[in-house]
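Engineer: Next comes start-v8.cif, mmCIF, C-alpha atoms:
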data_query
loop_
_atom_site.label_atom_id
_atom_site.label_comp_id
_atom_site.auth_asym_id
_atom_site.auth_seq_id
_atom_site.Cartn_x
_atom_site.Cartn_y
_atom_site.Cartn_z
CA MET L 95 -9.28 -9.90 23.54
CA ALA L 96 -6.10 -8.78 21.81
CA TYR L 97 -5.53 -5.72 19.67
CA SER L 98 -4.53 -5.19 16.06
CA ARG L 99 -1.70 -2.95 14.94
CA ILE L 100 -0.39 -1.83 11.55
CA SER L 101 3.11 -3.26 11.24
CA GLY L 102 3.95 -2.34 7.66
CA THR L 103 2.81 -0.16 4.77
CA GLY L 104 3.33 -0.20 1.02
CA SER L 105 2.11 1.54 -2.10
CA TYR L 106 2.38 1.51 -5.86
CA LEU L 107 1.58 4.02 -8.62
CA PRO L 108 1.68 3.07 -12.32
CA GLU L 109 4.47 4.57 -14.39
CA LYS L 110 2.28 6.48 -16.85
CA VAL L 111 1.50 10.01 -15.68
CA VAL L 112 -1.21 12.25 -17.14
CA SER L 113 -0.86 15.90 -16.13
CA ASN L 114 -3.53 18.57 -16.09
CA GLN L 115 -1.82 20.09 -19.12
CA ASP L 116 -2.17 16.77 -20.92
CA LEU L 117 -5.90 16.70 -20.24
CA ALA L 118 -6.25 20.28 -21.46
CA GLN L 119 -5.28 19.01 -24.91
CA THR L 120 -8.37 16.80 -25.13
CA VAL L 121 -11.08 18.39 -22.93
CA ASP L 122 -12.11 21.96 -22.19
CA THR L 123 -10.12 22.58 -19.02
CA THR L 124 -6.89 24.09 -17.70
CA ASP L 125 -4.30 23.23 -15.09
CA GLU L 126 -5.40 26.26 -13.07
CA TRP L 127 -9.09 25.30 -13.18
CA ILE L 128 -8.44 21.75 -12.00
CA PHE L 129 -5.90 22.64 -9.32
CA GLU L 130 -7.94 25.49 -7.85
CA ARG L 131 -11.01 23.27 -7.39
CA THR L 132 -9.41 19.97 -6.45
CA GLY L 133 -5.71 20.34 -5.60
CA ILE L 134 -4.83 17.80 -8.30
CA ARG L 135 -1.82 18.31 -10.60
CA ARG L 136 -1.47 14.84 -12.16
CA ARG L 137 -2.76 11.27 -12.03
CA HIS L 138 -1.22 7.85 -12.79
CA ILE L 139 -2.76 5.50 -15.33
CA ALA L 140 -2.33 1.71 -15.42
CA ALA L 141 -0.64 0.29 -18.49
CA ASP L 142 -2.52 -1.86 -20.98
CA GLY L 143 -2.70 -5.32 -19.46
CA GLU L 144 -1.88 -4.06 -15.97
CA GLN L 145 -4.74 -5.23 -13.76
CA THR L 146 -5.98 -4.10 -10.37
CA SER L 147 -4.51 -7.26 -8.83
CA ASP L 148 -1.11 -6.37 -10.33
CA LEU L 149 -1.16 -2.96 -8.65
CA ALA L 150 -2.29 -4.62 -5.43
CA GLN L 151 0.54 -7.13 -5.64
CA ARG L 152 3.22 -4.45 -5.87
CA ALA L 153 1.81 -2.53 -2.90
CA ALA L 154 1.26 -5.71 -0.86
CA GLU L 155 4.81 -6.96 -1.39
CA ARG L 156 6.20 -3.65 -0.17
CA ALA L 157 3.98 -3.69 2.90
CA MET L 158 4.98 -7.27 3.69
CA ALA L 159 8.66 -6.39 3.35
CA ALA L 160 8.21 -3.41 5.69
CA ALA L 161 6.46 -5.62 8.25
CA GLY L 162 9.01 -8.42 7.91
CA VAL L 163 6.41 -11.06 7.08
CA SER L 164 6.25 -13.70 4.36
CA ALA L 165 3.43 -15.33 2.41
CA ALA L 166 3.38 -18.12 5.00
CA ASP L 167 2.46 -15.61 7.71
CA ILE L 168 -0.60 -14.16 5.95
CA ASP L 169 -3.90 -15.72 7.00
CA LEU L 170 -6.34 -13.07 5.75
CA ILE L 171 -6.44 -10.91 2.63
CA ILE L 172 -9.03 -8.19 2.11
CA VAL L 173 -8.95 -6.10 -1.06
CA ALA L 174 -11.03 -2.92 -1.23
CA THR L 175 -11.83 -2.13 -4.85
CA SER L 176 -14.59 -0.94 -7.14
CA THR L 177 -12.61 -1.92 -10.24
CA PRO L 178 -11.93 -5.67 -9.91
CA ASP L 179 -10.04 -7.66 -12.51
CA MET L 180 -13.20 -9.58 -13.36
CA ILE L 181 -16.68 -10.31 -12.03
CA PHE L 182 -15.29 -13.34 -10.19
CA PRO L 183 -13.11 -14.76 -8.72
CA SER L 184 -12.45 -11.89 -6.35
CA THR L 185 -9.40 -9.70 -6.83
CA ALA L 186 -8.32 -10.86 -3.37
CA CYS L 187 -8.22 -14.49 -4.51
CA LEU L 188 -6.27 -13.56 -7.63
CA LEU L 189 -3.86 -11.59 -5.45
CA GLN L 190 -3.57 -14.48 -3.02
CA ALA L 191 -2.29 -16.71 -5.82
CA LYS L 192 0.15 -14.08 -7.10
CA LEU L 193 1.62 -13.67 -3.61
CA GLY L 194 1.89 -17.40 -3.02
CA VAL L 195 -0.40 -17.29 0.01
CA THR L 196 -2.17 -20.62 0.49
CA GLY L 197 -3.96 -20.31 3.84
CA GLY L 198 -6.78 -18.30 5.32
CA ALA L 199 -9.60 -16.31 3.75
CA ALA L 200 -9.43 -13.86 0.85
CA PHE L 201 -12.28 -11.62 -0.23
CA ASP L 202 -13.13 -8.20 -1.68
CA VAL L 203 -14.90 -5.27 -0.05
CA GLN L 204 -16.79 -2.76 -2.21
CA ALA L 205 -17.49 0.59 -0.57
CA VAL L 206 -15.95 2.77 -3.32
CA CYS L 207 -13.79 5.55 -1.82
CA SER L 208 -14.55 4.35 1.73
CA GLY L 209 -13.39 0.87 0.80
CA PHE L 210 -10.09 0.91 2.68
CA ILE L 211 -11.83 2.11 5.86
CA TYR L 212 -14.37 -0.70 5.55
CA ALA L 213 -11.66 -3.28 4.82
CA LEU L 214 -9.44 -2.15 7.69
CA ALA L 215 -12.39 -2.19 10.10
CA THR L 216 -13.24 -5.72 8.98
CA ALA L 217 -9.67 -6.96 9.32
CA ASP L 218 -9.43 -5.38 12.77
CA LYS L 219 -12.39 -7.48 13.93
CA PHE L 220 -10.72 -10.66 12.65
CA VAL L 221 -7.35 -9.92 14.23
CA SER L 222 -8.53 -8.45 17.55
CA THR L 223 -10.79 -11.46 18.18
CA GLY L 224 -8.10 -14.00 17.29
CA ALA L 225 -9.81 -15.20 14.09
CA ALA L 226 -6.71 -14.10 12.17
CA LYS L 227 -3.16 -13.27 13.22
CA CYS L 228 -1.70 -11.48 10.21
CA ALA L 229 -3.96 -9.69 7.74
CA LEU L 230 -3.11 -8.00 4.48
CA VAL L 231 -5.44 -5.08 3.73
CA ILE L 232 -5.22 -3.45 0.32
CA GLY L 233 -6.98 -0.65 -1.51
CA ALA L 234 -6.42 -0.95 -5.25
CA GLU L 235 -8.11 0.72 -8.21
CA THR L 236 -7.93 1.11 -11.99
CA PHE L 237 -10.52 3.88 -12.11
CA SER L 238 -9.19 5.13 -15.44
CA ARG L 239 -11.11 2.27 -17.07
CA ILE L 240 -14.52 3.47 -15.90
CA LEU L 241 -14.04 7.12 -16.88
CA ASP L 242 -15.53 8.95 -19.84
CA TRP L 243 -12.42 10.82 -20.97
CA THR L 244 -14.56 13.41 -22.76
CA ASP L 245 -16.37 14.39 -19.53
CA ARG L 246 -14.30 17.06 -17.79
CA ARG L 247 -16.49 16.82 -14.66
CA THR L 248 -15.11 13.37 -13.86
CA CYS L 249 -12.07 12.51 -15.98
CA VAL L 250 -9.90 15.14 -14.29
CA LEU L 251 -10.54 13.74 -10.82
CA PHE L 252 -9.50 10.10 -10.76
CA GLY L 253 -6.40 7.97 -11.17
CA ASP L 254 -5.04 4.47 -10.63
CA GLY L 255 -2.95 3.09 -7.77
CA ALA L 256 -2.74 0.75 -4.79
CA GLY L 257 -1.85 0.96 -1.12
CA ALA L 258 -1.52 -1.78 1.46
CA VAL L 259 -1.01 -2.40 5.16
CA VAL L 260 -0.16 -5.46 7.22
CA LEU L 261 -2.30 -5.76 10.34
CA GLN L 262 -1.01 -8.04 13.11
CA ALA L 263 -2.13 -9.09 16.56
CA SER L 264 -0.68 -6.95 19.34
CA GLU L 265 -0.72 -6.87 23.13
CA THR L 266 -0.94 -3.07 23.05
CA PRO L 267 -3.58 -0.93 21.33
CA GLY L 268 -3.03 -0.03 17.68
CA VAL L 269 -6.45 0.32 16.11
CA LEU L 270 -8.42 2.15 18.80
CA SER L 271 -11.85 2.14 17.13
CA THR L 272 -13.58 1.94 13.77
CA HIS L 273 -16.75 3.71 12.68
CA LEU L 274 -18.71 2.82 9.54
CA HIS L 275 -21.83 4.38 8.05
CA SER L 276 -23.87 4.36 4.86
CA ASP L 277 -27.04 5.93 3.46
CA GLY L 278 -28.35 4.42 0.24
CA ARG L 279 -30.79 7.29 -0.25
CA HIS L 280 -27.87 9.21 -1.76
CA SER L 281 -26.78 6.47 -4.16
CA GLY L 282 -27.62 8.55 -7.21
CA ILE L 283 -25.12 11.36 -6.62
CA LEU L 284 -22.03 9.21 -7.28
CA ARG L 285 -22.33 5.99 -9.23
CA VAL L 286 -21.50 3.79 -12.21
CA PRO L 287 -25.00 2.56 -13.10
CA GLY L 288 -24.02 0.19 -15.90
CA GLY L 289 -23.86 -3.59 -15.66
CA VAL L 290 -23.44 -6.74 -17.73
CA GLN L 291 -26.52 -8.70 -18.81
CA ASN L 292 -26.56 -11.53 -21.30
CA GLY L 293 -23.09 -10.62 -22.51
CA ARG L 294 -23.88 -6.97 -23.13
CA ILE L 295 -23.31 -3.73 -21.20
CA VAL L 296 -26.63 -2.38 -19.96
CA GLY L 297 -26.70 1.25 -18.79
CA ASN L 298 -23.83 3.72 -18.50
CA PRO L 299 -20.50 2.00 -17.66
CA PHE L 300 -18.81 5.28 -16.70
CA VAL L 301 -18.62 7.32 -13.49
CA GLU L 302 -21.50 9.74 -12.97
CA MET L 303 -21.24 12.39 -10.26
CA ASN L 304 -23.20 15.33 -8.93
CA GLY L 305 -20.19 17.25 -7.67
CA GLN L 306 -22.04 19.83 -5.59
CA ALA L 307 -24.17 17.22 -3.84
CA VAL L 308 -21.15 15.03 -3.10
CA TYR L 309 -19.22 18.00 -1.70
CA LYS L 310 -22.10 19.02 0.56
CA GLN L 311 -22.59 15.51 1.95
CA ALA L 312 -18.86 14.85 2.32
CA VAL L 313 -18.19 17.94 4.39
CA ARG L 314 -21.07 17.09 6.70
CA VAL L 315 -20.51 13.38 7.27
CA LEU L 316 -16.71 13.57 7.59
CA GLY L 317 -17.04 16.22 10.26
CA GLU L 318 -19.52 14.03 12.13
CA VAL L 319 -17.67 10.72 11.90
CA THR L 320 -14.29 12.10 12.94
CA GLN L 321 -15.86 13.64 16.03
CA GLU L 322 -17.61 10.32 16.69
CA ALA L 323 -14.27 8.51 16.64
CA LEU L 324 -12.64 10.99 19.00
CA LYS L 325 -15.57 10.94 21.42
CA ALA L 326 -15.56 7.13 21.52
CA ASN L 327 -12.00 7.25 22.82
CA GLY L 328 -12.34 10.21 25.15
CA LEU L 329 -10.17 12.39 22.92
CA THR L 330 -10.42 15.73 21.15
CA GLY L 331 -8.82 17.15 18.04
CA ALA L 332 -6.02 18.47 20.25
CA ASP L 333 -4.98 14.86 20.95
CA LEU L 334 -4.45 14.08 17.27
CA HIS L 335 -1.02 14.16 15.69
CA TRP L 336 -2.05 13.38 12.11
CA MET L 337 -5.04 13.07 9.82
CA VAL L 338 -4.65 10.82 6.79
CA PRO L 339 -7.77 11.52 4.72
CA HIS L 340 -9.22 10.11 1.56
CA GLN L 341 -7.46 12.06 -1.18
CA ALA L 342 -10.37 13.35 -3.25
CA ASN L 343 -10.53 17.12 -3.01
CA ILE L 344 -8.24 19.47 -1.11
CA ARG L 345 -11.15 21.68 -0.07
CA ILE L 346 -13.01 18.79 1.54
CA ILE L 347 -9.81 17.63 3.23
CA MET L 348 -9.03 21.02 4.74
CA SER L 349 -12.62 21.62 5.79
CA THR L 350 -12.53 18.45 7.90
CA ALA L 351 -9.12 19.35 9.34
CA GLU L 352 -10.37 22.78 10.33
CA LYS L 353 -13.32 21.26 12.20
CA LEU L 354 -10.87 19.10 14.14
CA GLY L 355 -8.67 22.10 14.95
CA LEU L 356 -5.74 20.64 13.01
CA LYS L 357 -3.06 22.71 11.35
CA PRO L 358 -2.50 22.15 7.61
CA GLU L 359 0.89 20.63 8.37
CA GLN L 360 -0.82 17.90 10.43
CA VAL L 361 -2.73 16.69 7.37
CA VAL L 362 -1.12 14.19 5.00
CA THR L 363 -1.99 15.24 1.45
CA THR L 364 -0.91 13.47 -1.72
CA VAL L 365 -3.92 14.31 -3.91
CA HIS L 366 -1.76 16.62 -6.04
CA ASP L 367 0.35 13.67 -7.23
CA HIS L 368 -2.24 10.99 -7.99
CA GLY L 369 -5.73 12.47 -7.83
CA ASN L 370 -8.60 10.47 -6.39
CA THR L 371 -7.54 6.83 -6.36
CA SER L 372 -10.70 5.82 -4.49
CA ALA L 373 -10.05 2.94 -2.05
CA ALA L 374 -6.29 3.21 -2.63
CA SER L 375 -5.88 6.82 -1.57
CA ILE L 376 -5.63 6.50 2.23
CA PRO L 377 -3.05 3.68 2.25
CA LEU L 378 -1.11 5.47 -0.52
CA ALA L 379 -0.91 8.65 1.56
CA LEU L 380 -0.19 6.68 4.74
CA ASP L 381 2.75 4.90 3.14
CA VAL L 382 4.27 8.21 2.03
CA ALA L 383 4.02 9.71 5.53
CA VAL L 384 5.37 6.59 7.25
CA ARG L 385 8.34 6.24 4.93
CA ASP L 386 9.33 9.90 5.11
CA GLY L 387 9.28 9.73 8.91
CA ARG L 388 6.41 12.07 9.65
CA ILE L 389 4.28 9.45 11.38
CA GLN L 390 6.00 8.03 14.45
CA ARG L 391 5.14 5.25 16.91
CA GLY L 392 2.89 6.36 19.75
CA GLN L 393 1.17 9.10 17.76
CA ASN L 394 -2.61 9.31 17.30
CA VAL L 395 -3.66 9.14 13.66
CA ILE L 396 -7.14 9.34 12.17
CA PHE L 397 -8.18 7.98 8.78
CA GLU L 398 -11.45 9.15 7.20
CA ALA L 399 -13.25 8.72 3.88
CA VAL L 400 -16.54 9.17 2.07
CA GLY L 401 -17.59 7.41 -1.12
CA GLY L 402 -20.42 6.33 -3.35
CA GLY L 403 -23.30 4.62 -1.67
CA LEU L 404 -23.09 6.94 0.18
CA THR L 405 -20.59 5.26 2.46
CA TRP L 406 -18.33 6.90 4.99
CA GLY L 407 -16.24 6.06 8.00
CA ALA L 408 -13.23 6.71 10.20
CA VAL L 409 -10.55 4.66 11.91
CA LEU L 410 -8.57 6.01 14.85
CA VAL L 411 -5.19 4.38 15.52
CA ARG L 412 -2.30 4.78 17.89
CA TRP L 413 0.67 4.31 15.66
#
Write the structure described by the file as structure tokens, please.
Structural biologist:
Amino acid sequence: MAYSRISGTGSYLPEKVVSNQDLAQTVDTTDEWIFERTGIRRRHIAADGEQTSDLAQRAAERAMAAAGVSAADIDLIIVATSTPDMIFPSTACLLQAKLGVTGGAAFDVQAVCSGFIYALATADKFVSTGAAKCALVIGAETFSRILDWTDRRTCVLFGDGAGAVVLQASETPGVLSTHLHSDGRHSGILRVPGGVQNGRIVGNPFVEMNGQAVYKQAVRVLGEVTQEALKANGLTGADLHWMVPHQANIRIIMSTAEKLGLKPEQVVTTVHDHGNTSAASIPLALDVAVRDGRIQRGQNVIFEAVGGGLTWGAVLVRW
């Protein structure tokens, strides 16, 4: 059995920026109210006609360039998204065509904000068992299109973006372990309950969230799953160099870091710049920290996320 290792990262944020001050012009809120509760200052919004697969393509191309691989090298594409271009084909297949990749499998994973964790764990199984040699794992979202922009409880939280990694076979450990969980009993606290039937939208097509319930569950499960990952590898929080969390809420992020005994400067945070980009947020933050030189080879890095479902998970890697 071989190992899998991240060999390149990439990210993309749409050009349009909507600040907290901009939102205060249309809903009853303020910059101070949003920032104090979430840590968010602004979010990026996809342009008209800019699809999730377009965002994914930009991030994927940057990750491939960083890894030094071409379309001919890619034999697996997994896209984590809750906002696909269409019902089918999958966003991964649409991306595959845009990248000029003609071999291997391509499919989507839907675990909302935990999507990148689920996709990375899946790709790790393919690569570490030899079923694939070079995987492209992307989190990409256009969440702005499923928001009620008159609902200040949700519209201030989310944004659009994409992040990607290239995962390749390695003789030395990269991904140390992956840990996935879900509990459908909590599906009602964060959801988009609408659907399409007979050509019509049935139910509410916008994000619904019980913020207090989500916060309570998130703090609990993220603390548990990060400890699970460390224990599985015989490590403690003192052995970690970095935490790259799902960028949803600064209070949730720092609560998890505190439980691990991490200093604030060991936590990669980008939530202020793009808000909650769901499945895209971890690879977006990871790309920032890799490119600015914070994350170095040989360091222990933990990724963690919680999302609708509820779903949650963690991935521990040796960079």
Engineer: Quick one, how far is atom CA of L:Ser238 from atom CA of L:Asn292?
Structural biologist: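 Result for atom CA of L:Ser238 versus atom CA of L:Asn292: 24.8 Å, one decimal.
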Engineer: Here is a test: counting all atoms listed in the file, which residue of L:Leu324, L:Val269, L:Ala351, L:Ala213 is nearest to L:Arg412?
Structural biologist: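 Ranked by minimum distance to L:Arg412, first place goes to L:Val269.
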Engineer: For L:Ala399, please output as a PyMOL selection string all residues within 8 Å (counting only C-alpha atoms; exclusion window: fewer than 5 positions along the same chain).
Structural biologist: chain L and resi 207-208+211+316+339-340+406-408
Engineer: Identify which of the residues L:Gly268, L:Gly402, L:Gly331, L:Gly104 lies closest to L:Leu230, counting only C-alpha atoms when measuring atom-to-atom distances.
Structural biologist: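 The answer is L:Gly104, which sits nearest to L:Leu230.
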Engineer: Please list as a PyMOL selection string every residue within 7 Å of L:Gly253, counting only C-alpha atoms and excluding residues in the same chain fewer than 2 positions away.
Structural biologist: chain L and resi 137-139+237-238+255+368-371
Engineer: What does the distance from atom CA of L:Leu270 to atom CA of L:Val411 come to in Å, to one decimal?
Structural biologist: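 Atom-to-atom, atom CA of L:Leu270 to atom CA of L:Val411, that is 5.1 Å.
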Engineer: Could you check the closest approach to L:Ala373 for each of L:Ala174, L:Ala229, L:Ile396, L:Leu334 and tell me which residue wins, using only C-alpha atoms?
Structural biologist: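 Closest to L:Ala373, using only C-alpha atoms: L:Ala174.
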Engineer: Residues picked by the PyMOL selection byres ((chain L and resi 198-201) around 8) here, as a PDB file with C-alpha atoms, keeping the file's coordinate frame?
Structural biologist:
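And here's out.pdb as it stands now:
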ATOM      1  CA  ILE L 168      -0.600 -14.160   5.950  1.00  0.00           C
ATOM      2  CA  ASP L 169      -3.900 -15.720   7.000  1.00  0.00           C
ATOM      3  CA  LEU L 170      -6.340 -13.070   5.750  1.00  0.00           C
ATOM      4  CA  ILE L 171      -6.440 -10.910   2.630  1.00  0.00           C
ATOM      5  CA  ILE L 172      -9.030  -8.190   2.110  1.00  0.00           C
ATOM      6  CA  VAL L 173      -8.950  -6.100  -1.060  1.00  0.00           C
ATOM      7  CA  SER L 184     -12.450 -11.890  -6.350  1.00  0.00           C
ATOM      8  CA  THR L 185      -9.400  -9.700  -6.830  1.00  0.00           C
ATOM      9  CA  ALA L 186      -8.320 -10.860  -3.370  1.00  0.00           C
ATOM     10  CA  CYS L 187      -8.220 -14.490  -4.510  1.00  0.00           C
ATOM     11  CA  GLN L 190      -3.570 -14.480  -3.020  1.00  0.00           C
ATOM     12  CA  THR L 196      -2.170 -20.620   0.490  1.00  0.00           C
ATOM     13  CA  GLY L 197      -3.960 -20.310   3.840  1.00  0.00           C
ATOM     14  CA  ASP L 202     -13.130  -8.200  -1.680  1.00  0.00           C
ATOM     15  CA  VAL L 203     -14.900  -5.270  -0.050  1.00  0.00           C
TER      16      VAL L 203
END
Engineer: So, with all atoms listed in the file as the atoms that count, which of L:Ala118, L:Ala256, L:Val409, L:Ala141 lies closest to L:Thr216?
Structural biologist: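 Using all atoms listed in the file, the shortest distance to L:Thr216 belongs to L:Val409.
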Engineer: Can you list, as a CSV table (one decimal) with C-alpha atoms, in the frame of the given file, the residues that the PyMOL selection byres ((chain L and resi 301-307) around 8) selects here?
Structural biologist:
chain,number,residue,atom,x,y,z
L,240,ILE,CA,-14.5,3.5,-15.9
L,241,LEU,CA,-14.0,7.1,-16.9
L,242,ASP,CA,-15.5,9.0,-19.8
L,247,ARG,CA,-16.5,16.8,-14.7
L,248,THR,CA,-15.1,13.4,-13.9
L,283,ILE,CA,-25.1,11.4,-6.6
L,284,LEU,CA,-22.0,9.2,-7.3
L,285,ARG,CA,-22.3,6.0,-9.2
L,286,VAL,CA,-21.5,3.8,-12.2
L,287,PRO,CA,-25.0,2.6,-13.1
L,299,PRO,CA,-20.5,2.0,-17.7
L,300,PHE,CA,-18.8,5.3,-16.7
L,308,VAL,CA,-21.2,15.0,-3.1
L,309,TYR,CA,-19.2,18.0,-1.7
L,310,LYS,CA,-22.1,19.0,0.6
L,311,GLN,CA,-22.6,15.5,2.0
Engineer: Could you tell me, as a ChimeraX atom specification, exactly which residues end up selected when the PyMOL selection byres ((chain L and resi 272) around 7) is applied to this structure?
Structural biologist: /L:215,271,273-274,408-410
Engineer: Between L:Val338, L:Val163, L:Gln262, L:Asp148, single out the one closest to L:Ala225, counting all atoms listed in the file.
Structural biologist: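 Closest to L:Ala225, using all atoms listed in the file: L:Gln262.
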Engineer: Atom CA of L:Val111 and atom CA of L:Ile346 are how many Å apart?
Structural biologist: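 One can read the atom CA of L:Val111 to atom CA of L:Ile346 distance as 24.2 Å.
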Engineer: Which residue gives the smallest distance to L:Leu354 among L:Asp167, L:Asp125, L:Glu265, L:Glu322, with all atoms listed in the file counted?
Structural biologist: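 Closest to L:Leu354 of all the choices is L:Glu322.
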Engineer: I'd like the contact shell of L:Ala159 - 12 Å cut-off, only C-alpha atoms, skipping same-chain residues fewer than 4 positions apart - returned as a ChimeraX atom specification.
Structural biologist: /L:101-105,152-155,163-165,167,230,258-260
Engineer: Near L:Leu188, within 10 Å and counting all atoms listed in the file, which residues show up once chain neighbours fewer than 5 positions away are dropped, as a count of residues only?
Structural biologist: 12
Engineer: The residues within 12 Å of (-6.9, -11.9, 21.3), using all atoms listed in the file and the coordinates of the file, should be reported as a PyMOL selection string; which are they?
Structural biologist: chain L and resi 95-98+218-227+262-267
Engineer: Could you please fill out stretch 254-269 of chain L with N, CA and C atoms and send it back as a short mmCIF file (atom, residue, chain, number, x, y, z; two decimals), in the coordinates of the input?
Structural biologist:
data_model
loop_
_atom_site.label_atom_id
_atom_site.label_comp_id
_atom_site.auth_asym_id
_atom_site.auth_seq_id
_atom_site.Cartn_x
_atom_site.Cartn_y
_atom_site.Cartn_z
N ASP L 254 -5.25 5.87 -11.00
CA ASP L 254 -5.04 4.47 -10.63
C ASP L 254 -3.93 4.35 -9.58
N GLY L 255 -3.99 3.31 -8.75
CA GLY L 255 -2.95 3.09 -7.77
C GLY L 255 -3.38 2.04 -6.76
N ALA L 256 -2.46 1.73 -5.84
CA ALA L 256 -2.74 0.75 -4.79
C ALA L 256 -1.94 1.09 -3.55
N GLY L 257 -2.52 0.82 -2.41
CA GLY L 257 -1.85 0.96 -1.12
C GLY L 257 -2.20 -0.22 -0.24
N ALA L 258 -1.31 -0.58 0.65
CA ALA L 258 -1.52 -1.78 1.46
C ALA L 258 -0.96 -1.59 2.86
N VAL L 259 -1.55 -2.32 3.80
CA VAL L 259 -1.01 -2.40 5.16
C VAL L 259 -1.05 -3.85 5.61
N VAL L 260 -0.13 -4.19 6.50
CA VAL L 260 -0.16 -5.46 7.22
C VAL L 260 -0.67 -5.18 8.61
N LEU L 261 -1.68 -5.93 9.03
CA LEU L 261 -2.30 -5.76 10.34
C LEU L 261 -2.05 -7.03 11.15
N GLN L 262 -1.36 -6.89 12.30
CA GLN L 262 -1.01 -8.04 13.11
C GLN L 262 -1.54 -7.92 14.53
N ALA L 263 -1.69 -9.06 15.17
CA ALA L 263 -2.13 -9.09 16.56
C ALA L 263 -1.08 -8.41 17.44
N SER L 264 -1.57 -7.71 18.46
CA SER L 264 -0.68 -6.95 19.34
C SER L 264 -1.22 -6.98 20.76
N GLU L 265 -0.31 -6.92 21.73
CA GLU L 265 -0.72 -6.87 23.13
C GLU L 265 -1.06 -5.45 23.55
N THR L 266 -0.66 -4.47 22.75
CA THR L 266 -0.94 -3.07 23.05
C THR L 266 -1.82 -2.48 21.96
N PRO L 267 -2.64 -1.49 22.30
CA PRO L 267 -3.58 -0.93 21.33
C PRO L 267 -2.89 -0.33 20.11
N GLY L 268 -3.43 -0.64 18.94
CA GLY L 268 -3.03 -0.03 17.68
C GLY L 268 -4.26 0.63 17.10
N VAL L 269 -5.15 -0.19 16.54
CA VAL L 269 -6.45 0.32 16.11
C VAL L 269 -7.30 0.55 17.36
#
